[in-house]
Each structure stands twice: as structure tokens, then as C-alpha cells.
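Report on the structure given below.
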Amino acid sequence: MGEPLVIVGNGMAATRLVDELTTIAPGRFSIAVVGDEPSLSYNRVLLSSLLAREIDEDAVELKTAKWWRSRGVTLVYGRRAVSIDRGAKQLHLQDGLTLGYGKLVLATGSEAVRLPLPGADLPGVVTFRDKADVARMLSLARPGARAVVIGGGLLGLEAAYGLMKAGAHVSVVHLMERLMERQLDSHAAGLLKAALEERSIDVVLNAESDVIEGQGRVTGLRLKDGRVLPADLVVMAVGIRPNTGLAREAGLAVKRGIVVADDLQTSDPSVYAIGECAEHRGVCYGLVEPAYEQARVLARTLAGAQSHYAGSLLSTNLKVSGVNVFSAGDFLGAPGSEPIVLTDPDRKCYRKLVLSGGRLTGAVLVGDTGDALWYLDLIRTGRPVEKLRADLVFGRAFAEPQAHVQARAA
Amino acid sequence: MNAPSSAPAIRTTCPYCGVGCGVLAKPDGFGGAQVQGDPEHPANFGRLCSKGSALGETLSLNGRLLSPMMRGGSDMLEPASWGAALDSVARGFQETIAKHGPDSVAFYVSGQLLTEDYYVANKLMKGFIGSANIDTNSRLCMASSVAGHRRAFGSDTVPGCYEDLDDADLLVLTGSNAAWCHPVLYQRMLKNKRERGARIVVIDPRATSTSDEADLMIQIAPGMDAVLFSGLLVHLAEHGQLDTAFIHGHTSGFADALARARHLAPSVEAVAERCQVAPACVETFYAWFSATEKAVTLYSQGVNQSAQGTDKVNAIINCHLATGRIGKAGMGPFSLTGQPNAMGGREVGGLANQLAAHMDFSPENVDRVRRFWNAPHVAERAGLKAVDLFEAVAERRIKALWVMATNPAVSLPRADAVRTVLRQLDLLVVSDIVANTDTITAGAHVVLPASGWGEKDGTVTNSERRISRQRAFLPPPGDAKPDWWIISQVATRMGFGSAFSYASAAEIFAEHCALSAFEANGTRGFDASGLSALSGLAYEELVPTQWPVDKASPTGRKRVFDDGRFHTVDQRARFVAVENPALSISNERYLPLLLNTGRVRDHWHTMTRTGKSPRLGAHIDEPQVSVHPDDARSFGVADGELARVLTLHGSAVLRVSVTPAQRRGEIFAPIHWNGATASDARVGALVQPACDPISGQPELKATQATLAPALYAAYGFLLARGAVAIPDGVWWARSTVEGGVGYRIAAPAIGGHWSGIAKRLIGESVCRAQLLDDGQGCYRAAIVQDGRLMSCLFLATTPHALPSWEWLKQQLAAPALSDAARRALLAGRAADAGADHGPIVCACFGVGRAQICKVIASGRGCSAEDVGAELKAGTNCGSCLPEVRRLVAETAKSAPPVTA
């Protein structure tokens with residue numbers, strides 16, 4: 001029997017950790033995964049596709065039950081972990097079950113923020129976080145239904161798209177003057193707004209929610225300016241909060257998230273944290289890519305290899321079919337930086353690259369996001385780009401055709 | 001629907017150079033024609049050069065002058081009726097003559113006119129107005145050859161024929177870039193070299209496409225041809241190569257000529273030193289010429305356009321006379337004519353220093369012509385030659401001028417000054433096929449629409465004395481009329497109707513041929529008496545015929561002087577003792593360079609025709625100046641950048657082409673660009689007015705000049721569907737491209753924002769695609785409508801930062817942009833072949849649809865998982881998996897079943 005490894009959380013980070021760890025160190029640990037959602041782990045990123053009915057529920061499943069069995073993992077799902085006894089190295093579950101561990105990994109994810117608005121507890125007010133939320137939304141988003149999404153960030157827009165595809169009339173209500181303001185400059189956000197409106201999604205900017213109206217169930221959203229948006233369904237997509245209760249109660253260091261070092265260890269050497277619940281170098285990530293990177297690093301660490309996580313460069317891909325949006329790095333352009341801006345309204349294409357000190361430091365792409373990964377790599381590596389500058393904005397096929405062909409052959 | 005294709009091809013003659021190629025033109029029924037070489041024409045046997053081949057692309061009515069125009073009250077040209085315009089011209093000339101005498105008026109005509117037009121113009125001026133103030137742009141082209149011929153032979157007669165180029169064993173080209181300027185003949189010479197082993201010697205200050213193929217290149221110092229050929233004469237004398245029997249039997253003046261030659265060129269070393277070439281080159285040339293009986297010396301503008309052009313011609317002819325190599329198969333001096341009908345003009349006598357039909361102003365000839373024409377006021381003395389004529393305009397001695405088929409405000413030396421003085425005329429009449437020439441805009445009072453090539457009927461004579469028909473195959477557009485009709489109408493309105501009542505070009509031709517033989521008794525070179533009785537039908541069917549056509553040679557003659565009898569009084573050819581050559585330059589140290597001018601391969605004169613062809617515009621699409629690398633360094637100019645060329649007379653801003661083909665200290669600029677095709681490239685304006693003292697031909701090949709970088713804030717190009725109004729101050733050069741117009745531009749200041757320039761140049765459009773990289777000084781914009789590229793503008797702060805525009809030109813020409821081209825538009829080029837991924841599917845790994853489909857089609861992607869294994873697509877966030885699955889399913893459906 002291997003050392004007992006208990007993972008709390010049955011989401012994407014946990015699944016990737018198991019996948020990596022059982023591949024590089026099979027049998028080294030006796031793994032148990034504890035999750036409160038009553039199903040196998042699934043791909044949260046695909047929830048908007050599920051909502052849009054572009055795929056069915058099977059398609060979001062990350063791994064089959066057979067796969068979990070073949071990896072020798074004990075799955076304990078549908079049951080919540082309630083406390084950690086760090087002295088005894090034991091994890092207590094909701095129903096009294098106790099699991100002893102040698103190493104404990106917290107991958108508890110995050111929860112959706114609910115705005116404390118009057119009427120927020122009315123039936124028909126939902127968040128967009130898990131399969132249960134999707135099921136609730138689908139039950140309300142009948143064709144002709146009116147849906148209001150509060151929040152014009154990544155999650156809100158994906159929810160809005162899914163609801164629109166499900167047949168609802170959708171409005172997105174956003175507090176700021178532009179959509180996805182933390183990822184997009186105003187030009188890109190304007191294009192995105194136009195693209196959404198073209199898909200019959202109304203966008204209301206500079207709109208502060210005041211009251212959710214309804215008697216017994218939601219009927220509309222009143223804004224601070226007095227406007228009322230009729231609604232059969234209100235989705236709150238205003239942000240996420242790391243699930244840190246378990247760790248906090250166990251006395252682990254917690255700020256916004258569970259504090260981890262570069263080896264992803266918490267303040268207790270036997271306890272690690274990865275994914276959206278973790279706070280690394282002051283940053284809590286809300287995207288899958290950093291969670292996967294952390295899982296990879298942790299798998300190597302647990303397997304006994306030297307590995308450390310140095311943080312992720314945030315990049316954003318909006319997953320709305322036909323509306324390609326990408327952003328990374330200093331997309332606004334700090335003072336002293338030089339923008340290269342390509343606009344092609346006819347093609348609904350926009351590219352802004354930000355150069356600083358001869359290096360690419362930021363990028364925003366709308367429409368044609370084909371070179372997103374290449375730009376991300378240039379930003380991450382900080383490689384000098386002056387020689388590529390003339391063609392940089394046209395992408396790798398123009399700027400580095402040789403390397404491009406080699407990369408494809410590799 | 002197909003064009004009516006049953007129309008037969010019409011045999012006609014190319015309107016460009018003096019080779020005079022036969023052309024078969026087949027009208028397409030839509031105002032255009034398919035053009036190919038006439039296999040039966042002896043000048044070209046079916047071949048055409050790039051310019052001739054593209055004739056079909058030059059027939060559009062774009063820019064054509066379609067109606068008479070008169071300057072109205074608002075000082076603008078306004079359409080007028082033929083009656084009003086002709087009355088105005090006739091009255092204007094009559095009043096000027098009445099007030100100031102016949103020498104106060106002048107015609108400036110052109111080697112582009114047909115012989116019949118030329119004849120009527122000459123007849124009106126010299127026989128009826130009574131002045132000899134009719135000169136021609138051939139003065140800029142062939143006058144030195146004419147003068148040299150007349151001094152040596154007693155007439156302006158080219159002795160040989162094109163067959164001599166096939167038969168020769170040595171072909172010497174001096175002052176001729178025949179590879180570009182007479183390409184069909186040059187190819188004939190190359191064939192001789194290839195098949196018979198003839199040697200080619202090229203003598204030129206520039207290395208050219210002609211010298212590329214030469215066995216010997218003598219890169220001679222400008223103006224020193226007479227020294228080189230004097231040295232040859234000395235060498236022939238000293239090496240016993242003289243044909244003494246011929247010299248004694250058929251020539252005079254040999255001793256003086258040889259003595260002068262010895263003085264100018266005492267030794268090979270002396271020659272080499274003055275010509276600034278290696279003695280071995282000179283020795284080789286002399287040895288080859290000595291040893292090769294069948295030698296032809298061909299010369300063109302490098303000889304003619306010179307302050308000592310006539311002497312150069314005679315220095316060449318001296319060597320052929322001394323060896324008796326003249327009038328025989330495969331040998332002789334051979335002047336390559338520049339224009340399609342310079343020779344026709346010379347036959348007619350349409351030059352100020354000839355009367356008519358190879359007759360001068362001797363009292364006998366004046367009387368003879370008076371009787372033949374039944375003319376009241378035959379001119380009794382020579383008139384003003386081109387440069388002097390415009391000098392007289394400046395001095396207001398000429399008050400009324402009629403310019404026909406030429407553009408002196410571009411082509412004359414000091415062209416800016418010429419353009420200015422045209423304003424002073426009481427009456428400036430311009431006959432042209434083009435609505436907007438620099439001469440018309442200089443201040444024409446009356447503008448008359450002439451019919452152009454393909455619309456008019458008549459004859460032209462090429463470099464080998466061959467008279468060929470130009471035949472109409474298109475109706476004249478608008479109100480356009482043949483030049484002879486226009487001139488005759490004016491003559492009639494001036495009261496000379498009975499002498500100008502021509503009903504057809506054929507009548508005029510017959511009269512012209514009759515005059516050539518009138519009381520000639522074989523003393524004049526040009527004799528076409530054999531054609532003077534042609535019926536209208538026979539004229540229509542006239543086959544290409546070489547003059548003389550007389551009783552002795554009723555079907556024409558290949559070679560003249562084969563009997564050793566020349567057209568001098570004593571029938572002996574004359575050796576000419578040539579002067580010591582010297583360039584017409586001063587010691588101005590601030591003008592250390594010499595500017596040479598000439599042509600490019602694919603353009604002709606001021607591009608009124610060639611400028612319409614996208615094919616021809618593509619070879620060299622903007623005005624250039626060629627500079628030796630050392631000079632480029634000294635003057636701080638670089639290849640691809642702009643430079644201002646300055647002379648005492650003017651300046652131009654030209655694209656620098658750095659090339660070792662130039663001699664150090666010498667620069668070269670083509671003559672074609674003008675006010676209608678470029679902002680700052682009127683090269684004629686740079687040229688000095690010095691002329692050959694005998695021929696009056698100006699020195700267009702050596703003007704003192706200097707060079708400086710021309711700096712602009714932005715450089716770029718612009719492609720558009722139609723002409724664009726370029727703002728003042730912006731440097732530009734226009735060329736025709738497939739589907740539109742191309743401009744090279746350079747702006748002195750960016751004036752606000754880049755997009756402001758774009759707005760002015762390509763207009764405002766909501767669908768304007770733009771690239772802005774201020775940090776790098778780069779701006780690009782394009783407008784696409786209905787899937788077609790409508791216009792694009794590329795600007796950069798240095799000319800080197802611009803991409804080539806070739807790919808964009810293809811996109812402008814394309815009926816629809818491909819997706820890949822649409823995406824690449826502002827890159828200005830296609831992405832690397834195979835680098836097109838198609839629209840992105842997997843954003844995590846940047847995998848495109850095209851890549852995925854390729855993997856599926858290869859059989860390596862039977863499922864989304866397989867595709868993931870191959871390309872990683874869908875293996876990260878997985879959000880693209882639905883699309884990958886769909887692609888797999890679709891491809892499986894459309895793919896044919898795989899058979900083992």
C-alpha cells in the first residue's frame with residue numbers, strides 16, 4: 001500500500017493532479033478523492049456549452065468511472081469534508097467518516113459570489129458555477145423566457161451566450177463602462193459588445209443593480225437609475241470567492257485564498273492546496289490553466305521530484321462560439337510602452353500588441369485569435385521582438401514563417 | 001457572349017520606335033483589339049517587343065481628347081465645335097501673320113505624325129504661310145544623323161537594310177541601348193551572334209542590357225565617340241586596311257579627315273586616355289573592325305543627342321567609307337531611328353532647315369517647289385530649329401504656335417522654361433490625342449482632337465527606308481479627326497483651299513511621291529516616283545516598300561550607294577574632318593556630376609500610350625536616377641531612397657537606383673515621366689540647351705548636375721481603382737496597374753494623424769482596415785468592398801520599411817479576395833505557403849480548422865481523442881471538443897471510403 005493521499009475537491013485541478021501523479025508515480029500513493037458534488041468530476045469550462053445545448057451531459061465528464069478505477073483511486077463523491085485534524089492527520093467527512101492521510105491536498109475550488117440585493121433569495125435567481133446551476137437555468141430558460149445576467153465578465157458572458165442558445169431573451173447588466181474591463185481595452189470591448197448584440201444579447205453598461213423584483217418568484221431587475229429589466233431568470237455572475245472555510249478552521253494560513261508557497265505547500269508541510277482555492281504569491285487564479293499548471297507541479301513534487309510553481313501569466317479566452325476574444329499581459333499599455341494596433345471592422349477583427357523595451361508585454365485579440373498562443377509565449381518568455389516587429393501583428397506565419405513550419409512539424 | 005470575332009486582322013505598323021514592325025490588329029468589337037506581330041512584315045517577321053505586344057492594352061479612351069476645346073472666358077478650356085475651333089485657329093494665324101509677318105508663326109510637329117500629315121503641315125507652312133518655321137521633335141532625335149548623312153552622302157539616306165544585321169560578322173553598337181529601345185532588331189543581332197557567330201561590340205558610357213550580351217564593352221567617357229572612331233580611322237590607315245580604290249574612286253576629303261583624325265587620336269593610348277577606357281579594349285575593337293569586312297556600325301541617341309552629334313556620325317561614316325564598307329550586304333553605317341516616322345518627316349522635309357522632299361532652300365529648289373505646289377509664298381530660307389524656335393517664343397518673336405502630336409513642355413531642354421514661355425504666346429494651338437499634357441496645361445488656347453494609332457490611315461517609314469502603311473481598324477472616338485484633315489481645314493479657312501482639298505490620305509501620298517521625283521533626275525536621295533500613281537485601292541494594299549522606288553527599282557531597293565555613286569554634285573561621298581570633341585560644360589564645381597537621359601524598356605516617350613498598360617507599367621513603375629555606388633556614398637543617397645537631382649535649369653526628385661552600370665561621376669534618368677504622371681520628375685527640365693552647331697540637335701546626354709537626398713516624413717504607396725487627387729507638396733509617381741492605378745508617394749509631413757492622410761488619399765470608409773504602429777512609424781490602410789480590394793495605402797517613415805506592392809497589385813486585380821488574402825491584406829503579402837491554419841478551433845493550443853481537417857483526412861484523426869494526440873487540440877480546457885467531434889464526423893461523411 002502506498003502512502004495515503006487525500007484530495008479534497010473533485011474538480012478539474014484534482015482530476016489533473018490524479019492524472020499526472022498516477023502517470024509519473026503509479027502506486028506511490030493510495031489516493032482518495034472527496035467531493036461534495038454528487039457526480040464524477042466534469043469540465044466546468046464546458047458548462048456554457050452544456051447550457052447552450054451544444055453538447056450533452058456525458059460530454060462534460062472529464063474521466064470515466066473506469067478510468068478512476070484503473071488508476072486505483074477511491075472516489076468519495078457527494079459527501080462534504082467538514083474538518084481537518086492536522087495533529088492526527090485525519091479528514092472528517094459530513095457523515096462521520098474519517099480518512100487518515102499522509103498528505104492532504106485541498107482543491108476545494110471557489111464559489112460564486114451572490115450579491116446581497118433585496119430579492120436575491122427569490123426563486124429564479126441563480127449563480128453559474130456547477131451542473132446543478134445549469135440544470136436550474138435550463139429549467140427556466142425556455143424559449144421566450146427573459147433572462148438577465150448580472151456581470152459582463154468572462155463567466156457572465158458565457159452564461160448569457162448559453163442562455164441565448166437555450167432560447168432565452170438575454171440581457172447582460174454590467175457595472176462598468178465596458179465589458180470584461182479587466183481583460184479588454186475599450187475598442188476590443190466595443191467589438192465584443194457589438195458581436196453579442198448581433199447575437200441578440202442586450203448589453204446594458206454602467207448599470208448598477210438595485211433590487212431583484214418579484215413576489216414569490218423573480219419578475220425583474222431594477223437598476224439604480226430606475227430602469228426595470230423584466231426577467232424570469234436572474235443569473236449572478238459577478239465573481240468567485242475561494243472556498244477556504246475548511247482550511248481556515250484547521251488553522252492553516254489563509255488570506256483571500258489558502259496561502260501556498262512555490263511548492264504549493266500550505267503552512268502545514270503535509271497539506272497542499274491547488275486551483276482556485278489557493279493563493280500563490282498573493283494571487284488567486286480563477287482560470288483552469290493555472291490550476292492545471294499547479295496540478296502538474298504538485299504531481300511532480302509529490303512524486304519526489306524538484307518542482308516549483310512560479311505563477312501563471314494570465315490570459316483570457318472567451319468561449320463564445322464565433323466571438324473569439326483573447327487577452328494577456330499589459331493589454332492596456334503602461335506609460336512608455338508602444339502599441340501596434342490593427343483594426344479591420346469589416347472582418348470584425350482587432351489586434352493590439354503592446355511592446356515595451358523591445359519585448360511583447362501585452363496583447364488583445366478580437367475576431368482572429370489564431371496567434372494567441374504564440375503571443376502568449378512571446379510575453380511569457382520575454383524574448384526580444386524588435387526584429388519581428390514589422391510583421392508581428394500579422395502573426396507567426398508572417399513574422400517567423402520558418403519557426404512556424406518547424407513548430408508544426410514537431 | 002463572345003465578341004464578334006469574325007472581323008479579319010488588319011495589317012498595320014507599330015507606333016513606337018523606328019524599327020517599324022508590322023502588326024496584325026484584330027478589333028474585339030468593344031473598342032479594343034488583339035495585337036500580334038505580322039509574320040509577313042520584313043521588319044519583324046512576326047516578332048514584337050514588350051511595348052508592341054501590349055498595344056492592345058493601350059487603346060482605352062481613358063484620358064483621350066474627344067472634342068475640340070477652346071479657352072473660354074473663365075480661362076478654362078471648354079468644348080467647342082470643329083467649325084469654331086478651326087475658324088479660331090485660322091483667324092489667329094492670319095491675324096498674326098498680317099500683323100507680324102509669316103516668321104512670327106510656327107508649327108512644332110512630331111515623328112508620331114504620319115507622312116501624309118507631315119506633308120500637309122510642311123506644305124502649309126513652307127508653301128502658303130511662307131515661313132520655314134516648322135520643326136519637329138525629330139530634331140531631338142535624328143537631326144545629327146540627318147546632318148551627318150547629308151554631309152557625307154549629299155542626302156539624308158540610310159545606305160543599308162535590316163538584312164545587313166543578319167549578314168554582318170561584326171556589329172558595333174554605339175550610343176544605342178537597342179536591347180531596350182529597338183528590341184526586335186537587337187534580337188535579330190543576337191540570333192546572328194548565336195547562329196553565325198557574329199561579334200557584338202557595345203560602346204556606351206553605361207553598361208546596359210545591350211552590353212550584357214556584348215563580346216566587347218567599351219564604357220566610354222561621354223562625348224568621346226569621335227575620338228574613338230578617329231582612332232579607328234588612323235588604325236585602319238596604319239594597318240593597311242584602307243580600300244584605296246574606293247577612296248580614290250568614290251570619295252573626297254580623305255587626306256584632311258585622316259590628318260585631323262591623327263591629330264585627335266594619334267595612338268591607341270591617346271584614345272584610351274581620352275575615352276577613359278583600357279587600351280586593350282580599344283585595341284581589340286580596332287583589330288576586330290580591321291579584320292572584319294562585314295561590319296555594321298549602328299548608332300542611336302547616344303550619338304545623335306550630343307553637342308557634337310554630327311561629327312560623331314561622320315567619324316563613324318568616315319571609317320566605313322575608308323574601308324569601302326557601305327552599300328553592300330552585311331556592312332555599313334546604320335542610324336537606328338527613334339520614332340516610328342522620323343524618317344517620313346525627313347522625306348517630306350518637315351524640318352526647318354529643309355524645304356521639301358530632300359530639297360534645300362536653293363533658289364532652284366524654291367522655284368521648283370513653288371511651281372509644283374502652285375504656292376504663293378514659298379519660304380526662301382531655313383526656319384528656326386526646335387531649341388531656337390522656343391527661344392524665339394521666349395523672345396516673343398514667335399507669337400502663334402501650333403504643336404502637333406508632341407509635348408515640348410516635357411521633352412525640350414529646359415522644359416520648365418519652355419512650359420513657362422508657352423504662356424506668352426498670343427495663340428497656342430495643340431493637336432493631340434490626349435486631353436491633359438503638360439503642353440496643353442501650359443496654356444493652350446485651342447486644343448484639337450486628333451485620331452490616334454489604330455484610327456488613322458497613312459504611311460510611316462522605318463530605319464531601313466521602308467514605307468509601311470498604318471491602317472485604321474477602329475473608328476475615331478468622339479470628334480477626333482486625322483491630322484491631315486485638321487491642317488487642311490485650317491489651310492482652307494486661311495484661303496488656301498484649292499491646294500488643300502484632299503479627300504484622302506492616299507491623295508496626299510501620291511502628291512508627296514510625285515514631288516519626290518519632280519525634276520529630280522536622280523540627284524535626290526528620296527525618290528518614290530514609283531508610288532506616285534497609286535490608285536486608292538493600291539494605296540490601301542501597299543506592301544512595305546523600301547525607297548527609292550523609281551524606274552530602276554520599281555519595287556524598291558534594299559541598299560543604296562552600292563554603285564559607289566552618292567547624291568553630291570560630283571557623286572562622291574565626303575570624308576569629314578571632325579572637330580575636337582568637348583562636352584558643353586563649365587567648371588562649376590558645385591555641379592560635379594553629369595546627367596545622362598534616356599529611356600526604359602517598357603515605356604515610350606511621355607507614356608501617353610504605354611502608361612495605360614499594367615504590364616508595361618510594372619517593369620519600372622516610377623522615375624529613377626541611376627547612380628554609381630561610389631557617388632551614392634559621396635552624395636549620401638541610398639538605393640531605394642529618393643534624391644533630388646539639380647542642374648542649373650531645374651530639379652527633379654527621383655528614386656535612387658545604385659548600380660555599378662554607371663560610370664563614376666555620371667547619373668542617368670529616364671525621360672518618360674511628366675506632370676501628368678509624376679509630381680517632380682520632369683527630367684527635360686534639368687537638361688541644358690546646348691546644341692550641335694550643325695544639326696541643331698540638343699545635348700540631352702550630358703548636363704552638369706548634383707544630387708542630394710530628398711527627405712520626407714513618410715514614404716509609401718497607394719493602390720486605387722481610379723485616379724486620386726494627391727495633395728500639393730506630396731511627391732508622387734503614377735502607374736497603371738491591373739484593375740486600377742498605383743501611386744508611389746512621399747509626404748513632407750504627416751500633418752496631424754496618419755489616418756488623416758488616409759482619409760485624403762483613399763477616402764473615408766467605415767470598413768477601412770488599418771494598422772498603426774506609431775513607434776515604428778508604420779501606417780497601413782485598406783478598403784474592401786463586396787469582397788474586392790478597392791484601395792490601400794501603405795506608409796512608413798523610411799522607404800525600406802515598406803513591403804513590395806506586387807502582391808497587393810495582384811489582389812487589386814483579383815475579382816474577389818480569397819479568405820487568406822483578405823486576412824493578409826495589411827501584411828502586404830501572403831503568409832508562408834502551408835502556414836495558413838484556417839480559423840482557430842482550439843484556443844489553448846492555437847490549432848486551426850485547416851490543421852485539424854488535414855489530420856482527419858490523413859486518417860490519423862478518426863476521433864477527437866486521436867486529433868488531440870496528434871495536435872493537442874482539445875486536450876487542455878476541452879471546450880473545443882464539440883467542434884473537433886463535429887469536424888471528425890463531417891470529414892468522415894465527405895471522405896471516400898478507404899479501401900485497403
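If you're wondering about the labels, chains in the C-alpha cells are A, B, ... by order shown, residues count from 1 in each chain, ligands from 1 in order shown.
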
Task: Interface, chain A side, toward chain B (6 Å; only C-alpha atoms) as a ChimeraX atom specification - done: /A:46,338,340-346,370,373,397-398,401

Open item on the list: Please list as a ChimeraX atom specification every residue within 8 Å of region 172-179 of chain B, counting only C-alpha atoms and excluding residues in the same chain fewer than 4 positions away.
Closed with: /B:183,185-187,200-204,208-211,225,295-303

- [ ] Please provide the set of residues having any atom within 6 Å of region 7-24 of chain A, restricted to only C-alpha atoms, with same-chain residues fewer than 4 positions apart removed, written as a list in words.
- [x] Val33, Val34, Gly35, Ser41, Leu104, Val105, Leu106, Ala107, Thr108, Gly275, Ala291, Tyr292, Ala295 and Ala299 of chain A

Task: Residue among A:Val73, A:Ile240, A:Val325, A:Leu298 lying closest to Leu157 (chain A), counting only C-alpha atoms - done: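 Nearest to Leu157 (chain A): A:Val325.
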
- [ ] Would you work out the distance separating CA of Ile726 (chain B) from CA of Asn407 (chain B), expressed in Å to one decimal?
- [x] 22.9 Å

- [ ] Based on DSSP run over this structure's backbone, return all residues of region 66-304 of chain B in strand (DSSP E or B), as an MDAnalysis selection string.
- [x] chainID B and resid 69:71 77:79 105:109 134:136 170:174 199:203 216:218 251:252 295:299

What does the file look like for those residues with N, CA and C atoms, as an mmCIF file, in the first residue's frame?
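Final output, result22.cif:
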```
data_model
loop_
_atom_site.group_PDB
_atom_site.id
_atom_site.type_symbol
_atom_site.label_atom_id
_atom_site.label_comp_id
_atom_site.auth_asym_id
_atom_site.auth_seq_id
_atom_site.Cartn_x
_atom_site.Cartn_y
_atom_site.Cartn_z
ATOM 1 N N MET B 69 -11.420 71.943 -78.031
ATOM 2 C CA MET B 69 -11.588 72.738 -76.812
ATOM 3 C C MET B 69 -11.029 74.126 -77.101
ATOM 4 N N MET B 70 -11.679 75.118 -76.544
ATOM 5 C CA MET B 70 -11.161 76.473 -76.675
ATOM 6 C C MET B 70 -11.173 77.117 -75.307
ATOM 7 N N ARG B 71 -10.197 77.988 -75.106
ATOM 8 C CA ARG B 71 -10.149 78.659 -73.820
ATOM 9 C C ARG B 71 -11.260 79.685 -73.759
ATOM 10 N N LEU B 77 -10.335 75.632 -70.482
ATOM 11 C CA LEU B 77 -10.663 75.040 -71.781
ATOM 12 C C LEU B 77 -12.085 74.490 -71.734
ATOM 13 N N GLU B 78 -12.839 74.838 -72.764
ATOM 14 C CA GLU B 78 -14.226 74.370 -72.823
ATOM 15 C C GLU B 78 -14.481 73.742 -74.177
ATOM 16 N N PRO B 79 -15.327 72.749 -74.234
ATOM 17 C CA PRO B 79 -15.618 72.087 -75.509
ATOM 18 C C PRO B 79 -16.145 73.086 -76.534
ATOM 19 N N VAL B 105 4.972 83.114 -86.882
ATOM 20 C CA VAL B 105 4.197 81.917 -86.555
ATOM 21 C C VAL B 105 5.071 80.686 -86.760
ATOM 22 N N ALA B 106 4.679 79.582 -86.138
ATOM 23 C CA ALA B 106 5.481 78.360 -86.264
ATOM 24 C C ALA B 106 4.623 77.131 -85.999
ATOM 25 N N PHE B 107 5.051 76.025 -86.592
ATOM 26 C CA PHE B 107 4.492 74.704 -86.256
ATOM 27 C C PHE B 107 5.599 73.901 -85.578
ATOM 28 N N TYR B 108 5.229 73.178 -84.517
ATOM 29 C CA TYR B 108 6.185 72.234 -83.930
ATOM 30 C C TYR B 108 5.532 70.867 -83.995
ATOM 31 N N VAL B 109 6.057 70.036 -84.860
ATOM 32 C CA VAL B 109 5.388 68.783 -85.175
ATOM 33 C C VAL B 109 6.196 67.587 -84.675
ATOM 34 N N ILE B 134 8.815 75.493 -89.338
ATOM 35 C CA ILE B 134 8.200 74.220 -88.946
ATOM 36 C C ILE B 134 9.348 73.305 -88.566
ATOM 37 N N ASP B 135 9.376 72.933 -87.316
ATOM 38 C CA ASP B 135 10.388 71.967 -86.903
ATOM 39 C C ASP B 135 9.673 70.865 -86.132
ATOM 40 N N THR B 136 10.435 69.897 -85.756
ATOM 41 C CA THR B 136 9.811 68.666 -85.283
ATOM 42 C C THR B 136 10.592 68.096 -84.114
ATOM 43 N N LEU B 170 30.454 41.501 -87.739
ATOM 44 C CA LEU B 170 30.757 42.376 -86.603
ATOM 45 C C LEU B 170 29.650 43.424 -86.515
ATOM 46 N N LEU B 171 29.054 43.512 -85.338
ATOM 47 C CA LEU B 171 28.001 44.502 -85.116
ATOM 48 C C LEU B 171 28.487 45.449 -84.023
ATOM 49 N N VAL B 172 28.709 46.690 -84.394
ATOM 50 C CA VAL B 172 29.176 47.685 -83.434
ATOM 51 C C VAL B 172 27.996 48.580 -83.081
ATOM 52 N N LEU B 173 27.635 48.590 -81.815
ATOM 53 C CA LEU B 173 26.539 49.471 -81.380
ATOM 54 C C LEU B 173 27.140 50.599 -80.556
ATOM 55 N N THR B 174 26.948 51.801 -81.009
ATOM 56 C CA THR B 174 27.483 52.914 -80.231
ATOM 57 C C THR B 174 26.361 53.900 -79.921
ATOM 58 N N ARG B 199 30.218 38.923 -83.929
ATOM 59 C CA ARG B 199 30.622 39.559 -82.668
ATOM 60 C C ARG B 199 29.849 40.845 -82.468
ATOM 61 N N ILE B 200 29.610 41.135 -81.207
ATOM 62 C CA ILE B 200 28.925 42.384 -80.882
ATOM 63 C C ILE B 200 29.837 43.237 -80.002
ATOM 64 N N VAL B 201 30.021 44.480 -80.430
ATOM 65 C CA VAL B 201 30.775 45.453 -79.633
ATOM 66 C C VAL B 201 29.799 46.541 -79.217
ATOM 67 N N VAL B 202 29.784 46.860 -77.947
ATOM 68 C CA VAL B 202 28.906 47.930 -77.480
ATOM 69 C C VAL B 202 29.749 49.064 -76.903
ATOM 70 N N ILE B 203 29.489 50.260 -77.391
ATOM 71 C CA ILE B 203 30.206 51.449 -76.928
ATOM 72 C C ILE B 203 29.175 52.354 -76.265
ATOM 73 N N LEU B 216 32.391 42.617 -76.530
ATOM 74 C CA LEU B 216 33.302 43.648 -76.050
ATOM 75 C C LEU B 216 32.480 44.861 -75.657
ATOM 76 N N MET B 217 32.731 45.350 -74.448
ATOM 77 C CA MET B 217 32.044 46.551 -73.981
ATOM 78 C C MET B 217 33.083 47.632 -73.786
ATOM 79 N N ILE B 218 32.884 48.750 -74.431
ATOM 80 C CA ILE B 218 33.773 49.894 -74.231
ATOM 81 C C ILE B 218 32.962 50.956 -73.501
ATOM 82 N N THR B 251 35.147 58.940 -103.339
ATOM 83 C CA THR B 251 35.063 59.861 -102.190
ATOM 84 C C THR B 251 35.963 61.068 -102.403
ATOM 85 N N SER B 252 35.802 62.022 -101.535
ATOM 86 C CA SER B 252 36.757 63.119 -101.488
ATOM 87 C C SER B 252 36.967 63.520 -100.040
ATOM 88 N N ALA B 295 31.063 44.499 -91.493
ATOM 89 C CA ALA B 295 30.857 45.190 -90.221
ATOM 90 C C ALA B 295 29.763 46.236 -90.390
ATOM 91 N N VAL B 296 28.844 46.242 -89.436
ATOM 92 C CA VAL B 296 27.816 47.281 -89.417
ATOM 93 C C VAL B 296 27.992 48.079 -88.131
ATOM 94 N N THR B 297 27.979 49.388 -88.253
ATOM 95 C CA THR B 297 28.041 50.243 -87.061
ATOM 96 C C THR B 297 26.678 50.882 -86.857
ATOM 97 N N LEU B 298 26.030 50.505 -85.774
ATOM 98 C CA LEU B 298 24.689 51.019 -85.501
ATOM 99 C C LEU B 298 24.783 52.094 -84.436
ATOM 100 N N TYR B 299 24.060 53.148 -84.631
ATOM 101 C CA TYR B 299 24.116 54.214 -83.643
ATOM 102 C C TYR B 299 22.751 54.849 -83.480
#
```

Task: Length of the CA of Phe361 (chain B) to CA of Thr157 (chain B) vector [Å] - done: 18.5 Å

TODO: Name the closest residue to Asn596 (chain B) among the candidates B:Ser651, B:Asn341, B:Ser755, B:Ser306; distances are taken between atoms, counting only C-alpha atoms.
DONE: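 Closest candidate: B:Ser306.
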
- [ ] Would you mind writing down, as an MDAnalysis selection string, each residue of region 175-306 of chain B that DSSP on the backbone assigns to alpha helix (DSSP H)?
- [x] chainID B and resid 178:181 183:196 209:212 225:238 244:250 254:264 268:275 279:291 301:304
